[in-house]
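Here's the structure we're looking at; comments come further down.
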Amino acid sequence: MKKISIVINADDRLGHISPEIYGHFSEHLGRCIYNGIYVGENSPIPNTDGIRNDIIEAFRNIKAPVFRWPGGCFAEEYHWQDGIGEKALRRKIVNTNWGGVTEDNSFGTHEFMRFCELVGCKPYINVNVGSGSVREMSEWIEYMTSDAESPLTEQRKKNGRAEPWKLEYLGVGNENWGCGGNMRPEYYADVYKRYQTFCHNYSGNRLYRIACGPSSADYNWTEVMMKNLDSNNVDAIDLHYYTMPVWPEMDSATDFDDELYYKTIAAANFSDELITRHSEIMNRYDPEKKIGLVIGEWGCWHKVEEGTNPGFLYQQNTMRDAIVAAIELNVFNRHSDRVVMANLAQAVNVLQSVILTEDDKMIKTPTYHVFDLFKTHQNNEAVYCYTQNENMSEGKNAPMISVSASVNEKSMTVTAANCSLTEEAAVECSIFGFKASSVSCRILTNEAHSYNDFDCPDRVSITEHTAVIKDNVLKLNIPPCAVVECVVD
Ligand code: AHR
């Protein structure tokens, strides 16, 4: 048993935890949309307007705040006009990025907006810069958000939607340093400025413009963006960082040894350094923090499951992934002064999914349960949290405990992960600036390789956990490989 001391000071506020930090990403990739979220109106699987009811319910339960769509790299070849109007007449295309399969465009703007309405979340639409045009983008914005009389708004009405939708989040390009056109940052900054000029705010709608941000540790990209853009023309930039402990060979999602486990944990913790360093660059140009940092794609990227289409990026999801999710979400909370949104890649059946489906069956992955444990942080104020927490022994390049804390007028939420595979943590958490009277905790724990599958959907699930509060000190034991949420009143 290892003693861990934590100090939380609720008087020391770090930033507002934007609910969007708990966001998701849904691309036309593999079985994320088709045979995932969307099964069509005529499916025997219970659905509302073609969208699976069990999936709607699952995302409502974790208070999913925002979904990014239609990609990803797919967005850079997506032409929105293909995805509206009568379904039988919609233009079919080849999904060149993901498996070369035929995309029938039966899930388009109306279907995505309906999905967001049903889940109760905000849409985040990523427009096509690499192979699209300014006109195409500006007409899409008009189609979605204007209530003025125009051929485009008439078309929307004819397609069944009288009122404009509210659209806040607009991504202007995806990975324009790669699949979005292989651009240099200087070139993209100019292209971005041109595009954003035509991002009009119609009928009281206010767009929040998100520019393509860096890949991982490409600090030069951030430098060039910040030098060339300002808060008049951009609201946020979008960093992408995947946890890929064995690149480019890739590791198995379920078959890994202890060394690889700890390598994965270290790779997840790297996001703290990444965000710190990108933020330092942003702080030099934007000390008032008007420009946000979005982490538009994050999560574990493993080898695809055997026998599945390599272009579909389908992988299982273990307790190792759950620990990674907890580390990342704690990092985002602690950086909530700059991080305004994050989107796990991806929501259903792709990469580090929260949901997997097989025909009419649906399971919640360990990562789903982490989002459940963290949901009370949404809209709280992140507070200072110090952990006496040296790196785990034997060259494991990561601290044993990952933690973040937040408060609202009534309660404090503390989330912690014990990343050790062997050692239990005896945690003593001294709380200052908040009167702690009672506590209730929940825990997700199991052996690192364990996962949920269609035969055993609840092998990894949340249970109650014991903790005590005395003299404003929260005491609890956290078993190895576990994620805990404590709500203190
Ligand atoms: O999430 C899968 C892909 O990873 C996305 O399409 C792309 O943006 C990123 O490289």
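FYI, nothing fancy with the structure tokens labels: chains A, B, ... in order, residues from 1 per chain, ligands from 1 as they appear.
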
For stretch 300-304 of chain A, list every protein, DNA or RNA residue within 8 Å, evaluated using only C-alpha atoms, and leave out those in the same chain fewer than 6 positions away; present the list as a PDB file with N, CA, C and O atoms, in the first residue's frame.
```pdb
ATOM      1  N   TYR A 242      -2.999  11.637 -30.487  1.00  0.00           N
ATOM      2  CA  TYR A 242      -3.409  10.260 -30.209  1.00  0.00           C
ATOM      3  C   TYR A 242      -2.379   9.577 -29.321  1.00  0.00           C
ATOM      4  O   TYR A 242      -1.173   9.832 -29.455  1.00  0.00           O
ATOM      5  N   THR A 243      -2.842   8.698 -28.437  1.00  0.00           N
ATOM      6  CA  THR A 243      -1.952   7.873 -27.623  1.00  0.00           C
ATOM      7  C   THR A 243      -1.627   6.622 -28.430  1.00  0.00           C
ATOM      8  O   THR A 243      -2.479   5.754 -28.617  1.00  0.00           O
ATOM      9  N   MET A 244      -0.405   6.582 -28.949  1.00  0.00           N
ATOM     10  CA  MET A 244       0.042   5.477 -29.812  1.00  0.00           C
ATOM     11  C   MET A 244       1.370   5.001 -29.280  1.00  0.00           C
ATOM     12  O   MET A 244       2.428   5.471 -29.727  1.00  0.00           O
ATOM     13  N   MET A 250       2.088  -0.366 -34.253  1.00  0.00           N
ATOM     14  CA  MET A 250       0.813  -0.431 -33.540  1.00  0.00           C
ATOM     15  C   MET A 250       0.736  -1.657 -32.633  1.00  0.00           C
ATOM     16  O   MET A 250       1.223  -2.719 -32.970  1.00  0.00           O
ATOM     17  N   ASP A 251       0.105  -1.473 -31.488  1.00  0.00           N
ATOM     18  CA  ASP A 251      -0.040  -2.559 -30.511  1.00  0.00           C
ATOM     19  C   ASP A 251      -1.460  -3.114 -30.547  1.00  0.00           C
ATOM     20  O   ASP A 251      -2.376  -2.481 -31.071  1.00  0.00           O
ATOM     21  N   SER A 252      -1.590  -4.294 -29.950  1.00  0.00           N
ATOM     22  CA  SER A 252      -2.927  -4.883 -29.860  1.00  0.00           C
ATOM     23  C   SER A 252      -3.708  -4.172 -28.752  1.00  0.00           C
ATOM     24  O   SER A 252      -3.138  -3.797 -27.721  1.00  0.00           O
ATOM     25  N   ALA A 253      -5.017  -4.022 -28.957  1.00  0.00           N
ATOM     26  CA  ALA A 253      -5.841  -3.342 -27.949  1.00  0.00           C
ATOM     27  C   ALA A 253      -5.947  -4.165 -26.675  1.00  0.00           C
ATOM     28  O   ALA A 253      -6.110  -3.612 -25.584  1.00  0.00           O
ATOM     29  N   PRO A 310      -9.276  -3.210 -42.253  1.00  0.00           N
ATOM     30  CA  PRO A 310      -8.241  -2.319 -41.693  1.00  0.00           C
ATOM     31  C   PRO A 310      -8.589  -0.842 -41.837  1.00  0.00           C
ATOM     32  O   PRO A 310      -8.124  -0.012 -41.057  1.00  0.00           O
ATOM     33  N   PHE A 312     -11.427   0.387 -41.235  1.00  0.00           N
ATOM     34  CA  PHE A 312     -12.562   0.731 -40.370  1.00  0.00           C
ATOM     35  C   PHE A 312     -12.148   1.094 -38.938  1.00  0.00           C
ATOM     36  O   PHE A 312     -12.979   1.513 -38.138  1.00  0.00           O
ATOM     37  N   LEU A 313     -10.852   0.835 -38.612  1.00  0.00           N
ATOM     38  CA  LEU A 313     -10.297   1.237 -37.308  1.00  0.00           C
ATOM     39  C   LEU A 313     -11.147   0.776 -36.122  1.00  0.00           C
ATOM     40  O   LEU A 313     -11.417   1.559 -35.194  1.00  0.00           O
ATOM     41  N   TYR A 314     -11.558  -0.498 -36.165  1.00  0.00           N
ATOM     42  CA  TYR A 314     -12.360  -1.036 -35.066  1.00  0.00           C
ATOM     43  C   TYR A 314     -11.440  -1.689 -34.052  1.00  0.00           C
ATOM     44  O   TYR A 314     -10.664  -2.577 -34.389  1.00  0.00           O
ATOM     45  N   GLN A 315     -11.499  -1.277 -32.796  1.00  0.00           N
ATOM     46  CA  GLN A 315     -10.638  -1.859 -31.766  1.00  0.00           C
ATOM     47  C   GLN A 315     -11.416  -2.064 -30.471  1.00  0.00           C
ATOM     48  O   GLN A 315     -12.384  -1.360 -30.187  1.00  0.00           O
ATOM     49  N   ASP A 321      -7.407   1.451 -21.567  1.00  0.00           N
ATOM     50  CA  ASP A 321      -7.967   2.621 -22.256  1.00  0.00           C
ATOM     51  C   ASP A 321      -8.706   3.530 -21.273  1.00  0.00           C
ATOM     52  O   ASP A 321      -8.675   4.761 -21.391  1.00  0.00           O
ATOM     53  N   VAL A 324      -6.280   5.629 -19.490  1.00  0.00           N
ATOM     54  CA  VAL A 324      -5.833   6.707 -20.393  1.00  0.00           C
ATOM     55  C   VAL A 324      -6.891   7.819 -20.450  1.00  0.00           C
ATOM     56  O   VAL A 324      -6.569   9.014 -20.346  1.00  0.00           O
ATOM     57  N   LEU A 351     -11.777   3.383 -33.169  1.00  0.00           N
ATOM     58  CA  LEU A 351     -10.721   3.779 -32.227  1.00  0.00           C
ATOM     59  C   LEU A 351     -11.218   3.638 -30.782  1.00  0.00           C
ATOM     60  O   LEU A 351     -11.841   2.636 -30.440  1.00  0.00           O
ATOM     61  N   GLN A 352     -10.945   4.651 -29.927  1.00  0.00           N
ATOM     62  CA  GLN A 352     -11.268   4.467 -28.492  1.00  0.00           C
ATOM     63  C   GLN A 352     -12.741   4.799 -28.224  1.00  0.00           C
ATOM     64  O   GLN A 352     -13.079   5.793 -27.567  1.00  0.00           O
TER      65      GLN A 352
END
```

Against ligand 1, which residues of chain A fall within 6 Å? For each one I want the closest pair of atoms and the distance in Å (one decimal), counting only C-alpha atoms and all ligand atoms, rows by chain and increasing residue number, as JSON lines.
```
{"residue": "A:Gly71", "atom": "CA", "partner": "ligand 1", "partner_atom_place_in_ligand_line": "6 (O)", "distance": 5.6}
{"residue": "A:Gly72", "atom": "CA", "partner": "ligand 1", "partner_atom_place_in_ligand_line": "6 (O)", "distance": 3.3}
{"residue": "A:Cys73", "atom": "CA", "partner": "ligand 1", "partner_atom_place_in_ligand_line": "6 (O)", "distance": 3.9}
{"residue": "A:Glu175", "atom": "CA", "partner": "ligand 1", "partner_atom_place_in_ligand_line": "8 (O)", "distance": 5.8}
{"residue": "A:Ala345", "atom": "CA", "partner": "ligand 1", "partner_atom_place_in_ligand_line": "1 (O)", "distance": 5.5}
```

Can you write just those residues out, N, CA, C and O atoms, as a PDB file, in the first residue's frame?
```
ATOM      1  N   GLY A  71     -16.160  14.667 -40.151  1.00  0.00           N
ATOM      2  CA  GLY A  71     -14.805  14.125 -40.021  1.00  0.00           C
ATOM      3  C   GLY A  71     -13.982  15.210 -39.389  1.00  0.00           C
ATOM      4  O   GLY A  71     -14.517  16.295 -39.072  1.00  0.00           O
ATOM      5  N   GLY A  72     -12.736  14.919 -39.217  1.00  0.00           N
ATOM      6  CA  GLY A  72     -11.853  13.949 -39.778  1.00  0.00           C
ATOM      7  C   GLY A  72     -11.530  14.166 -41.258  1.00  0.00           C
ATOM      8  O   GLY A  72     -11.952  15.114 -41.928  1.00  0.00           O
ATOM      9  N   CYS A  73     -10.676  13.249 -41.701  1.00  0.00           N
ATOM     10  CA  CYS A  73     -10.253  13.315 -43.097  1.00  0.00           C
ATOM     11  C   CYS A  73     -11.456  13.248 -44.037  1.00  0.00           C
ATOM     12  O   CYS A  73     -11.426  13.827 -45.139  1.00  0.00           O
ATOM     13  N   GLU A 175      -6.964  18.843 -40.153  1.00  0.00           N
ATOM     14  CA  GLU A 175      -5.584  18.387 -40.370  1.00  0.00           C
ATOM     15  C   GLU A 175      -5.065  18.885 -41.728  1.00  0.00           C
ATOM     16  O   GLU A 175      -4.654  18.093 -42.584  1.00  0.00           O
ATOM     17  N   ALA A 345     -11.858  10.428 -29.979  1.00  0.00           N
ATOM     18  CA  ALA A 345     -11.958   9.748 -31.268  1.00  0.00           C
ATOM     19  C   ALA A 345     -12.038   8.233 -31.013  1.00  0.00           C
ATOM     20  O   ALA A 345     -11.099   7.682 -30.480  1.00  0.00           O
TER      21      ALA A 345
END
```

Pick out the residues sitting within 12 Å of A:Pro19, and hand them over as number ranges by chain; count only C-alpha atoms, and ignore anything fewer than 4 positions along from it in its own chain. A: 23-24, 62-67, 121-122, 329, 332-333, 336, 339-343, 371, 374-382

I need the residues in stretch 133-172 of chain A that are strand (DSSP E or B) according to DSSP; give them as a list in words. Tyr169, Leu170, Gly171 and Val172 of chain A

Mind writing the picked residues with C-alpha atoms as a compact mmCIF listing (two decimals), in the first residue's frame?
```
# COMPACT_ATOMS: atom_id res chain seq x y z
CA TYR A 169 -18.94 25.33 -33.54
CA LEU A 170 -17.52 25.47 -37.03
CA GLY A 171 -14.20 23.79 -37.85
CA VAL A 172 -12.51 25.38 -40.86
```

When you look at stretch 469-485 of chain A with a cut-off of 6 Å (counting only C-alpha atoms), what residues show up, excluding the ones that are within fewer than 5 positions of it in the same chain? I need them as a ChimeraX atom specification. /A:373,414-431,436,441-445

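The shell of residues at most 8 Å from A:Tyr202, with only C-alpha atoms counted and near chain neighbours (fewer than 6 positions) removed, consists of A:Glu142, A:Thr145, A:Ser146, A:Asp147.
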
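The nearest approach to A:His465 among the residues A:Cys199, A:Val487, A:Gly307, A:Arg284, with only C-alpha atoms taken into account, belongs to A:Val487.
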
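Neighbours of A:Asn452 closer than or equal to 9 Å, with only C-alpha atoms counted and sequence neighbours fewer than 4 positions away skipped, come out as Gln316, Asn317, Thr318, Ile363, Lys364, Thr365, Pro366, Cys456, Pro457, Asp458, Arg459, Val460 and Ser461 of chain A.
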
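Note that the spacing between atom CA of A:Phe434 and atom CA of A:Ile401 amounts to 22.3 Å.
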
note - atom CA of A:Val439 and atom CA of A:Ile8 are separated by 15.0 Å

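Secondary structure by DSSP on the backbone puts the following residues of stretch 159-206 of chain A in alpha helix (DSSP H): Pro185, Glu186, Tyr187, Tyr188, Ala189, Asp190, Val191, Tyr192, Lys193, Arg194, Tyr195, Gln196 and Thr197 of chain A.
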
Calculate how many Å separate atom CA of A:Met144 from atom CA of A:Arg68, rounding to one decimal. 15.7 Å

Report as a tab-separated table the residues of stretch 282-389 of chain A within 9 Å of stretch 224-229 of chain A, each with its shortest atom pair and distance in Å (one decimal), using only C-alpha atoms, ordered by chain and increasing residue number.
```
residue	atom	partner	partner_atom	distance
A:Met282	CA	A:Met226	CA	6.5
A:Arg284	CA	A:Met226	CA	8.9
A:Tyr285	CA	A:Met226	CA	6.3
A:Asp286	CA	A:Met226	CA	8.0
```

Since we have the selection now, will you write its residues out, keeping N, CA, C and O atoms, as a PDB file, in the first residue's frame?
```
ATOM      1  N   MET A 282       0.665  30.203 -27.026  1.00  0.00           N
ATOM      2  CA  MET A 282      -0.573  30.991 -27.149  1.00  0.00           C
ATOM      3  C   MET A 282      -0.554  32.163 -26.167  1.00  0.00           C
ATOM      4  O   MET A 282      -0.985  33.272 -26.501  1.00  0.00           O
ATOM      5  N   ARG A 284       1.883  33.949 -25.166  1.00  0.00           N
ATOM      6  CA  ARG A 284       2.712  35.073 -25.625  1.00  0.00           C
ATOM      7  C   ARG A 284       1.943  35.999 -26.553  1.00  0.00           C
ATOM      8  O   ARG A 284       2.109  37.208 -26.534  1.00  0.00           O
ATOM      9  N   TYR A 285       1.094  35.414 -27.393  1.00  0.00           N
ATOM     10  CA  TYR A 285       0.345  36.226 -28.359  1.00  0.00           C
ATOM     11  C   TYR A 285      -1.018  36.658 -27.818  1.00  0.00           C
ATOM     12  O   TYR A 285      -1.580  37.643 -28.252  1.00  0.00           O
ATOM     13  N   ASP A 286      -1.543  35.871 -26.906  1.00  0.00           N
ATOM     14  CA  ASP A 286      -2.918  36.072 -26.452  1.00  0.00           C
ATOM     15  C   ASP A 286      -2.989  35.899 -24.931  1.00  0.00           C
ATOM     16  O   ASP A 286      -3.579  34.949 -24.430  1.00  0.00           O
TER      17      ASP A 286
END
```

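The residue that comes closest to A:Ile265, out of A:Cys179, A:Cys32, A:Val354, A:Ala325 and on the basis of only C-alpha atoms, is A:Ala325.
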
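Neighbouring residues of stretch 54-61 of chain A at 7 Å or closer, counting only C-alpha atoms and skipping chain neighbours under 6 positions away, are Ile37, Leu118, Val119 and Gly120 of chain A.
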
Generate a file of the selected residues that holds N, CA, C and O atoms, formatted as an mmCIF file, in the first residue's frame.
```
data_model
loop_
_atom_site.group_PDB
_atom_site.id
_atom_site.type_symbol
_atom_site.label_atom_id
_atom_site.label_comp_id
_atom_site.auth_asym_id
_atom_site.auth_seq_id
_atom_site.Cartn_x
_atom_site.Cartn_y
_atom_site.Cartn_z
ATOM 1 N N ILE A 37 -24.319 4.610 -35.119
ATOM 2 C CA ILE A 37 -25.339 5.583 -34.690
ATOM 3 C C ILE A 37 -26.617 5.455 -35.520
ATOM 4 O O ILE A 37 -27.734 5.495 -35.000
ATOM 5 N N LEU A 118 -31.737 14.920 -30.450
ATOM 6 C CA LEU A 118 -32.168 13.776 -29.642
ATOM 7 C C LEU A 118 -31.233 13.546 -28.453
ATOM 8 O O LEU A 118 -31.673 13.200 -27.359
ATOM 9 N N VAL A 119 -29.934 13.746 -28.672
ATOM 10 C CA VAL A 119 -28.964 13.548 -27.582
ATOM 11 C C VAL A 119 -28.980 14.749 -26.638
ATOM 12 O O VAL A 119 -28.661 14.632 -25.451
ATOM 13 N N GLY A 120 -29.400 15.918 -27.178
ATOM 14 C CA GLY A 120 -29.389 17.134 -26.364
ATOM 15 C C GLY A 120 -28.008 17.757 -26.330
ATOM 16 O O GLY A 120 -27.599 18.315 -25.306
#
```

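The closest residue to A:Arg334, picked from A:Lys396, A:Lys2, A:His16, A:Arg277 and counting only C-alpha atoms, is A:His16.
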
Ranking A:Ser26, A:Glu280, A:Ile462, A:Cys116 by minimum distance to A:Tyr368 and counting only C-alpha atoms, which one comes first? A:Ile462

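Shortest atom-to-atom contact with A:His110 among A:Asp272, A:Glu86, A:Asp455, A:Glu168: A:Glu86, counting only C-alpha atoms.
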
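Shortest atom-to-atom contact with A:Asp255 among A:Ser5, A:Tyr34, A:Tyr192, A:Tyr451: A:Tyr451, counting only C-alpha atoms.
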